[in-house]
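*Asks:* My questions will all concern the structure given below.
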Amino acid sequence: MAGSSSHQIKNICVFGGSSPVKEIKFLESANHLGQVLAERKIHLVYGGGSLGLMEGVSIAAFLGGSRVLGVVPKALAKEDLLGKTIREEL
C-alpha cells in the first residue's frame, strides 16, 4: 500500500451506551469489538461501569487479554448508576 505507515494502534477509547441492551445484535457487536481488540493486542479505555454495551466490550476485551481502563466522571462514580468497572478505574 503506497504511503502506508508502520504505526500500530496500541490503545483505543470506546464510549457506548450503559443502559440495558434491548437489541441483542448491539450487544453481540460490542462483544465482537472487544474480542477483536484483544486479538490485535489493543488496550481498551472505556466509559467505565458494567452495564449495557460498555459491559460487553470491556468484558470481552479483558477476557481476551487486553488491558482495560474505565474512566468514570466523579458525578457518575456511584456504583448503582454504572455498575462495577471492569479492571482498572480512573
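Chains: A, B, ... in order of the C-alpha cells. Residues: from 1 per chain. Ligands: from 1, in order shown.
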Once DSSP has gone over the backbone, tell me which residues of stretch 36-67 of chain A are in alpha helix (DSSP H), as JSON, numbers by chain.
*Replies:* {"A": [36, 37, 38, 39, 52, 53, 54, 55, 56, 57, 58, 59, 60, 61, 62, 63]}
*Asks:* Show me, as a tab-separated table, the residues of stretch 9-29 of chain A having an atom within 12 Å of stretch 33-38 of chain A, each with the closest atom pair and its distance in Å, using only C-alpha atoms.
*Replies:*
residue	atom	partner	partner_atom	distance
A:Ile9	CA	A:Leu37	CA	10.0
A:Lys10	CA	A:Leu37	CA	9.4
A:Asn11	CA	A:Leu37	CA	9.0
A:Ile12	CA	A:Leu37	CA	8.5
A:Cys13	CA	A:Leu37	CA	10.9
A:Val14	CA	A:Leu33	CA	9.8
A:Gly16	CA	A:Leu33	CA	11.7
A:Phe26	CA	A:Leu33	CA	10.6
A:Leu27	CA	A:Leu33	CA	9.8
A:Glu28	CA	A:Leu33	CA	8.6
A:Ser29	CA	A:Leu33	CA	6.2
*Asks:* Export, as a PDB file, in the first residue's frame, the selected residues with N, CA, C and O atoms.
*Replies:*
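Contents of the output file result_37.pdb:
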ATOM      1  N   ILE A   9      -1.830   0.736  16.256  1.00  0.00           N
ATOM      2  CA  ILE A   9      -2.656   1.266  17.328  1.00  0.00           C
ATOM      3  C   ILE A   9      -2.452   0.385  18.556  1.00  0.00           C
ATOM      4  O   ILE A   9      -2.570  -0.835  18.471  1.00  0.00           O
ATOM      5  N   LYS A  10      -2.166   1.008  19.686  1.00  0.00           N
ATOM      6  CA  LYS A  10      -1.933   0.262  20.926  1.00  0.00           C
ATOM      7  C   LYS A  10      -3.081   0.419  21.905  1.00  0.00           C
ATOM      8  O   LYS A  10      -3.303  -0.446  22.738  1.00  0.00           O
ATOM      9  N   ASN A  11      -3.783   1.539  21.845  1.00  0.00           N
ATOM     10  CA  ASN A  11      -4.887   1.830  22.747  1.00  0.00           C
ATOM     11  C   ASN A  11      -6.032   2.420  21.944  1.00  0.00           C
ATOM     12  O   ASN A  11      -5.798   3.132  20.969  1.00  0.00           O
ATOM     13  N   ILE A  12      -7.243   2.150  22.389  1.00  0.00           N
ATOM     14  CA  ILE A  12      -8.407   2.742  21.752  1.00  0.00           C
ATOM     15  C   ILE A  12      -9.413   3.096  22.843  1.00  0.00           C
ATOM     16  O   ILE A  12      -9.524   2.392  23.851  1.00  0.00           O
ATOM     17  N   CYS A  13     -10.105   4.206  22.652  1.00  0.00           N
ATOM     18  CA  CYS A  13     -11.126   4.629  23.598  1.00  0.00           C
ATOM     19  C   CYS A  13     -12.498   4.361  22.991  1.00  0.00           C
ATOM     20  O   CYS A  13     -12.751   4.723  21.845  1.00  0.00           O
ATOM     21  N   VAL A  14     -13.356   3.721  23.754  1.00  0.00           N
ATOM     22  CA  VAL A  14     -14.706   3.396  23.300  1.00  0.00           C
ATOM     23  C   VAL A  14     -15.693   3.928  24.327  1.00  0.00           C
ATOM     24  O   VAL A  14     -15.542   3.714  25.523  1.00  0.00           O
ATOM     25  N   GLY A  16     -19.836   3.873  24.818  1.00  0.00           N
ATOM     26  CA  GLY A  16     -21.108   3.371  24.303  1.00  0.00           C
ATOM     27  C   GLY A  16     -22.176   3.481  25.371  1.00  0.00           C
ATOM     28  O   GLY A  16     -21.931   3.963  26.472  1.00  0.00           O
ATOM     29  N   PHE A  26     -26.847  -5.490  19.071  1.00  0.00           N
ATOM     30  CA  PHE A  26     -25.918  -4.446  19.504  1.00  0.00           C
ATOM     31  C   PHE A  26     -24.942  -4.989  20.543  1.00  0.00           C
ATOM     32  O   PHE A  26     -23.747  -4.680  20.511  1.00  0.00           O
ATOM     33  N   LEU A  27     -25.430  -5.803  21.473  1.00  0.00           N
ATOM     34  CA  LEU A  27     -24.555  -6.403  22.469  1.00  0.00           C
ATOM     35  C   LEU A  27     -23.573  -7.375  21.812  1.00  0.00           C
ATOM     36  O   LEU A  27     -22.391  -7.409  22.160  1.00  0.00           O
ATOM     37  N   GLU A  28     -24.042  -8.135  20.840  1.00  0.00           N
ATOM     38  CA  GLU A  28     -23.154  -9.044  20.107  1.00  0.00           C
ATOM     39  C   GLU A  28     -22.050  -8.264  19.398  1.00  0.00           C
ATOM     40  O   GLU A  28     -20.892  -8.686  19.375  1.00  0.00           O
ATOM     41  N   SER A  29     -22.400  -7.113  18.836  1.00  0.00           N
ATOM     42  CA  SER A  29     -21.399  -6.280  18.160  1.00  0.00           C
ATOM     43  C   SER A  29     -20.378  -5.733  19.154  1.00  0.00           C
ATOM     44  O   SER A  29     -19.178  -5.680  18.863  1.00  0.00           O
TER      45      SER A  29
END
*Asks:* Kindly indicate which residue among A:His32, A:Gln8, A:Lys25, A:Arg67 lies nearest to A:Tyr46, using only C-alpha atoms for the distances.
*Replies:* A:Arg67
*Asks:* With only C-alpha atoms as the atoms that count, which of A:Glu55, A:His43, A:Gly48, A:Ser19 lies nearest to A:Val68?
*Replies:*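 Closest candidate: A:His43.
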*Asks:* Which is closer to A:Gly47 than all the others in A:Gly17, A:Val72, A:Lys22, A:His7, using only C-alpha atoms?
*Replies:*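 Once distances to A:Gly47 are computed over only C-alpha atoms, the minimum belongs to A:Val72.
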